Amino acid sequence: MNTVKLVAVFAENRPGQAARITDILARANINIRCITVATSGDYGVVKLLVNDPDLACRALNQSGIAATLIDVIAVEMADKPGALHSVAQCLATQDINLANTFGFVVNNRAILVLEVQDSTLAGEVLKKQGLRVLTQQEMLSI
Amino acid sequence: MFWHQEIESLDRTTLETLQLQRLRETVGKLEKVPFYCGKFLENGITPQEIKSMADIRRLPFTTAADLRNNYPDSLLAVPREQVLRLHTSSGTTGKPKALFFSRRDLDSAAELIARAFCMTGVTRRDVFQNMMSYGLFTGGLMMHYGAEKVGCMVIPSGPGTSERQLMLMQDFGTTVVHITPSYAFYFADFLEKKGVNPRKELALRKAFVGAEPYTEETRRKIEAALGIDVYNSYGLTEMNGPGVAFECEGKCGMHLWEDNFILEIINPATGQPVSEGETGELVLTSINREAMPLLRYRTRDLTSIIPGPCACGRTHRRIHRITGRSDDMFIVRGVNIFPQQIERVLMSIPQIGRNYLIQLDGIDDLTVKVELAPSAFDGEVGHLTDLQNLVAEKLRAEIWVRPKVDLLASGSLPVTEGKAKRVIDKRSL
């Protein structure tokens, strides 16, 4: 199954945390392709798509920062009205819940990155709809 | 006003003779208790060997550890059938300290409270609302029975639910309360927000404030906020609870009832008495208890004796308000807490690291700062919240107060060389 690995990082919700994390990644020569930050009260979670997730995780952990790898599904759809609805509807009929999710269009390509409980099931369902589920490599070369 | 004028203003010579006699009787009672008996035999102590008050220094100290080690009832000096009541004390890891009281003990305890009520001008025409926790805490029942002895109408409200406290005060004309200093502040605040002017709308005249140390400034603030007189009250479960020492109308130190307790102030490091008027650790010997008397109990509270006579005519000496502890214990909302209790809980939770910090601020805010163990992070924000709640709940179960828990990144907290300073107390009580 084509899943993509993101690096999830724990940080306190105060100034300087993003700077600290990106400093460590820069020194390890990591290139960040996507980033989301979700905060809840005193802390938050930073999720990153990077060119080398295992190295990124190691570098962060070695500096005492809690980081872990998580699996997400990256699905590509047409860049036109109704395309996202179609995907959402498809998942709904199979009772699949979207957890943390983000989407964007780059170079006329519309990509949705989603966290779900069962990546394998979600991937199969989307493929049956004729949608393209991207590999890690494909995600990194958008 | 005196509850028992003769005893309260007994001349020092007669009082000291009484103390000596009661000390001998207490040593005699304790010969039945294996813990004390062993120590007496080691040092050749018998009641007859106690010839003067100075001989008290030949008697062993008793510590909180001794109470824990003799839990549940190895320090009992009478048969169980004679015990009427059990109270326990917070502030220990694992088992609490257990104190037993016979009918006579409960009467003597109530007597001391009655003296306290009277000397602050409370009479049977007063309405007393006991806003301290009932149950195992002595602040509830001990004060309650003392108040009944005086003849007050007693409202056993316990703490909290300020709306109901106010309703009781308005409907039943409460004149006197027993309350912690932190709750007194909250309550004054609550009245202000409700637009209730205590001076005009309530019959409150006096508050007995204790269970945690507070400053003279805090006393004045509470008095100003509620329009009442505040009297300082000192006690500990091991010595009946409230009523060991109390302020008279002069509000210039707390009279400690020397016909019931022998008072010593020692240097906590050496165990030797300090010089006159110097601050040291308060050590108390109960000389009017039969179920579980205690000799030279190390209270860990720091204070000093106020020299000279009191204008009220009472000859039982006064001690200063408690200025600190000779150990790590701190008190939040009237509950004794040791950092070690918190540490024990934190060490049992694998998702957090070994380093922690306890912060006290505001009036009674307790925050425990912990670090997330990197291996425990799974990327889910919701799980972090769950962990915070788990830590708070486990701490609450151990220390009886629910703290705020701050989850920090590993390595955020200072790491000190040598003994770590675990508690930062910035409170303004």
# chains A, B, ... in the order shown; residues from 1 in each chain; ligands from 1
call {"tool": "interface_residues", "arguments": {"of": "chain B", "to": "chain A", "cutoff": "9 Å", "atoms": "only C-alpha atoms", "output": "list of chain:residue names"}}
result
B:Leu372, B:Ala373, B:Pro374, B:Ser375, B:Ala376, B:Phe377, B:Asp378, B:Gly379, B:Glu380, B:Val381, B:Gly382, B:Leu384, B:Thr385, B:Asp406, B:Leu407, B:Leu408, B:Ala409, B:Ser410, B:Gly411
call {"tool": "select_by_dssp", "arguments": {"residues": "stretch 202-425 of chain B", "states": "strand (DSSP E or B)", "output": "ChimeraX atom specification"}}
result
/B:206-210,229-236,241-247,254-256,261-266,273,280-286,297-303,305-306,318-319,324-325,330-332,335-337,352-361,365-372,404-408,423-425
call {"tool": "residues_around", "arguments": {"residues": "stretch 338-346 of chain B", "least_positions_apart": "6", "cutoff": "12 Å", "atoms": "only C-alpha atoms", "output": "ChimeraX atom specification"}}
result
/B:90-96,325,327-332,352-360,366-373,387-388,390-403,405,420-424
call {"tool": "select_by_dssp", "arguments": {"residues": "stretch 98-265 of chain B", "states": "alpha helix (DSSP H)", "output": "PyMOL selection string"}}
result
chain B and resi 103-119+138-150+162-172+181-194+198-201+216-226
call {"tool": "write_last_selection", "arguments": {"atoms": "C-alpha atoms", "output": "PDB file, in the first residue's frame"}}
result
ATOM      1  CA  ARG B 103     -14.136   9.434  75.366  1.00  0.00           C
ATOM      2  CA  ARG B 104     -11.986  11.306  77.875  1.00  0.00           C
ATOM      3  CA  ASP B 105      -9.615  12.418  75.107  1.00  0.00           C
ATOM      4  CA  LEU B 106     -12.498  13.788  73.048  1.00  0.00           C
ATOM      5  CA  ASP B 107     -13.820  15.664  76.084  1.00  0.00           C
ATOM      6  CA  SER B 108     -10.413  17.195  76.803  1.00  0.00           C
ATOM      7  CA  ALA B 109     -10.062  18.181  73.163  1.00  0.00           C
ATOM      8  CA  ALA B 110     -13.496  19.824  73.175  1.00  0.00           C
ATOM      9  CA  GLU B 111     -12.532  21.608  76.393  1.00  0.00           C
ATOM     10  CA  LEU B 112      -9.567  23.267  74.697  1.00  0.00           C
ATOM     11  CA  ILE B 113     -11.743  24.429  71.826  1.00  0.00           C
ATOM     12  CA  ALA B 114     -14.269  25.792  74.303  1.00  0.00           C
ATOM     13  CA  ARG B 115     -11.496  27.812  75.931  1.00  0.00           C
ATOM     14  CA  ALA B 116     -10.543  29.171  72.503  1.00  0.00           C
ATOM     15  CA  PHE B 117     -14.109  30.170  71.673  1.00  0.00           C
ATOM     16  CA  CYS B 118     -14.574  31.904  74.987  1.00  0.00           C
ATOM     17  CA  MET B 119     -11.339  33.800  74.897  1.00  0.00           C
ATOM     18  CA  THR B 138      -9.800  16.855  62.680  1.00  0.00           C
ATOM     19  CA  GLY B 139     -10.703  20.387  61.584  1.00  0.00           C
ATOM     20  CA  GLY B 140     -14.296  19.232  61.181  1.00  0.00           C
ATOM     21  CA  LEU B 141     -15.441  17.176  64.137  1.00  0.00           C
ATOM     22  CA  MET B 142     -13.013  18.454  66.785  1.00  0.00           C
ATOM     23  CA  MET B 143     -14.009  22.063  66.271  1.00  0.00           C
ATOM     24  CA  HIS B 144     -17.633  20.992  65.984  1.00  0.00           C
ATOM     25  CA  TYR B 145     -17.812  19.340  69.394  1.00  0.00           C
ATOM     26  CA  GLY B 146     -15.937  22.196  71.032  1.00  0.00           C
ATOM     27  CA  ALA B 147     -18.477  24.619  69.641  1.00  0.00           C
ATOM     28  CA  GLU B 148     -21.343  22.460  70.900  1.00  0.00           C
ATOM     29  CA  LYS B 149     -19.732  22.399  74.340  1.00  0.00           C
ATOM     30  CA  VAL B 150     -19.912  26.181  74.419  1.00  0.00           C
ATOM     31  CA  SER B 162     -20.045  29.220  48.263  1.00  0.00           C
ATOM     32  CA  GLU B 163     -23.622  29.809  47.141  1.00  0.00           C
ATOM     33  CA  ARG B 164     -24.856  27.473  49.843  1.00  0.00           C
ATOM     34  CA  GLN B 165     -22.478  28.878  52.448  1.00  0.00           C
ATOM     35  CA  LEU B 166     -23.887  32.337  51.758  1.00  0.00           C
ATOM     36  CA  MET B 167     -27.464  31.101  51.922  1.00  0.00           C
ATOM     37  CA  LEU B 168     -26.809  29.506  55.322  1.00  0.00           C
ATOM     38  CA  MET B 169     -25.224  32.707  56.601  1.00  0.00           C
ATOM     39  CA  GLN B 170     -28.125  34.813  55.394  1.00  0.00           C
ATOM     40  CA  ASP B 171     -30.884  32.491  56.557  1.00  0.00           C
ATOM     41  CA  PHE B 172     -29.446  31.448  59.911  1.00  0.00           C
ATOM     42  CA  PRO B 181      -7.073  31.473  54.742  1.00  0.00           C
ATOM     43  CA  SER B 182      -7.237  30.533  51.042  1.00  0.00           C
ATOM     44  CA  TYR B 183     -10.961  29.818  51.175  1.00  0.00           C
ATOM     45  CA  ALA B 184     -11.530  33.028  53.154  1.00  0.00           C
ATOM     46  CA  PHE B 185     -10.050  34.959  50.224  1.00  0.00           C
ATOM     47  CA  TYR B 186     -12.165  33.092  47.696  1.00  0.00           C
ATOM     48  CA  PHE B 187     -15.284  33.666  49.715  1.00  0.00           C
ATOM     49  CA  ALA B 188     -14.613  37.389  50.110  1.00  0.00           C
ATOM     50  CA  ASP B 189     -14.082  37.570  46.347  1.00  0.00           C
ATOM     51  CA  PHE B 190     -17.281  35.636  45.743  1.00  0.00           C
ATOM     52  CA  LEU B 191     -19.288  38.039  47.918  1.00  0.00           C
ATOM     53  CA  GLU B 192     -17.857  41.011  46.081  1.00  0.00           C
ATOM     54  CA  LYS B 193     -18.775  39.570  42.691  1.00  0.00           C
ATOM     55  CA  LYS B 194     -22.283  38.891  43.933  1.00  0.00           C
ATOM     56  CA  PRO B 198     -20.840  41.393  54.409  1.00  0.00           C
ATOM     57  CA  ARG B 199     -20.827  44.320  56.845  1.00  0.00           C
ATOM     58  CA  LYS B 200     -24.405  45.282  56.026  1.00  0.00           C
ATOM     59  CA  GLU B 201     -25.991  42.031  54.919  1.00  0.00           C
ATOM     60  CA  GLU B 216      -0.155  39.041  59.493  1.00  0.00           C
ATOM     61  CA  GLU B 217      -0.852  40.896  56.266  1.00  0.00           C
ATOM     62  CA  THR B 218      -3.189  38.170  55.088  1.00  0.00           C
ATOM     63  CA  ARG B 219      -5.042  38.356  58.407  1.00  0.00           C
ATOM     64  CA  ARG B 220      -5.581  42.092  57.957  1.00  0.00           C
ATOM     65  CA  LYS B 221      -6.722  41.618  54.360  1.00  0.00           C
ATOM     66  CA  ILE B 222      -9.343  39.059  55.365  1.00  0.00           C
ATOM     67  CA  GLU B 223     -10.499  41.274  58.214  1.00  0.00           C
ATOM     68  CA  ALA B 224     -10.837  44.243  55.872  1.00  0.00           C
ATOM     69  CA  ALA B 225     -12.577  42.249  53.153  1.00  0.00           C
ATOM     70  CA  LEU B 226     -15.200  40.673  55.415  1.00  0.00           C
TER      71      LEU B 226
END
call {"tool": "residues_around", "arguments": {"residues": "A:Asp95", "least_positions_apart": "6", "cutoff": "12 Å", "atoms": "only C-alpha atoms", "output": "ChimeraX atom specification"}}
result
/A:88-89,116-118,121-122,125
call {"tool": "closest_residue", "arguments": {"among": "A:Phe104, A:Thr22, A:Pro53, A:Val72", "to": "A:Leu134", "atoms": "only C-alpha atoms"}}
result
A:Val72
call {"tool": "closest_residue", "arguments": {"among": "A:Ile96, A:Val50, A:Val133, A:Ala18", "to": "A:Ile32", "atoms": "only C-alpha atoms"}}
result
A:Val50
call {"tool": "residues_around", "arguments": {"residues": "A:Ile30", "least_positions_apart": "6", "cutoff": "10 Å", "atoms": "only C-alpha atoms", "output": "ChimeraX atom specification"}}
result
/A:22-24,50-53,55-56,59
call {"tool": "write_last_selection", "arguments": {"atoms": "N, CA and C atoms", "output": "compact mmCIF listing (two decimals), in the first residue's frame"}}
result
# COMPACT_ATOMS: atom_id res chain seq x y z
N THR A 22 13.44 23.80 13.23
CA THR A 22 13.95 24.01 11.86
C THR A 22 15.46 24.15 11.86
N ASP A 23 16.03 24.63 12.96
CA ASP A 23 17.48 24.73 13.07
C ASP A 23 18.11 23.34 13.00
N ILE A 24 17.56 22.44 13.80
CA ILE A 24 18.08 21.07 13.83
C ILE A 24 17.96 20.42 12.45
N VAL A 50 9.23 15.66 4.70
CA VAL A 50 10.64 15.97 4.44
C VAL A 50 11.22 14.96 3.47
N ASN A 51 12.38 15.31 2.92
CA ASN A 51 12.99 14.43 1.92
C ASN A 51 13.53 13.14 2.56
N ASP A 52 13.89 13.17 3.84
CA ASP A 52 14.40 11.96 4.50
C ASP A 52 13.81 11.88 5.91
N PRO A 53 12.60 11.29 6.02
CA PRO A 53 11.93 11.28 7.32
C PRO A 53 12.68 10.53 8.42
N LEU A 55 15.96 10.15 8.84
CA LEU A 55 17.07 10.99 9.29
C LEU A 55 16.56 12.15 10.13
N ALA A 56 15.46 12.75 9.64
CA ALA A 56 14.88 13.89 10.35
C ALA A 56 14.49 13.50 11.78
N ALA A 59 17.61 12.93 13.95
CA ALA A 59 18.26 14.19 14.31
C ALA A 59 17.48 14.90 15.43
call {"tool": "closest_residue", "arguments": {"among": "A:Asp71, A:Cys90, A:Leu25, A:Gln62", "to": "A:Glu115", "atoms": "only C-alpha atoms"}}
result
A:Asp71
call {"tool": "atom_distance", "arguments": {"atom1": "atom CA of B:Pro307", "atom2": "atom CA of B:Gly324"}}
result
19.9 Å
call {"tool": "closest_residue", "arguments": {"among": "A:Leu131, A:Lys5, A:His85, A:Ile142", "to": "A:Leu48", "atoms": "only C-alpha atoms"}}
result
A:Lys5
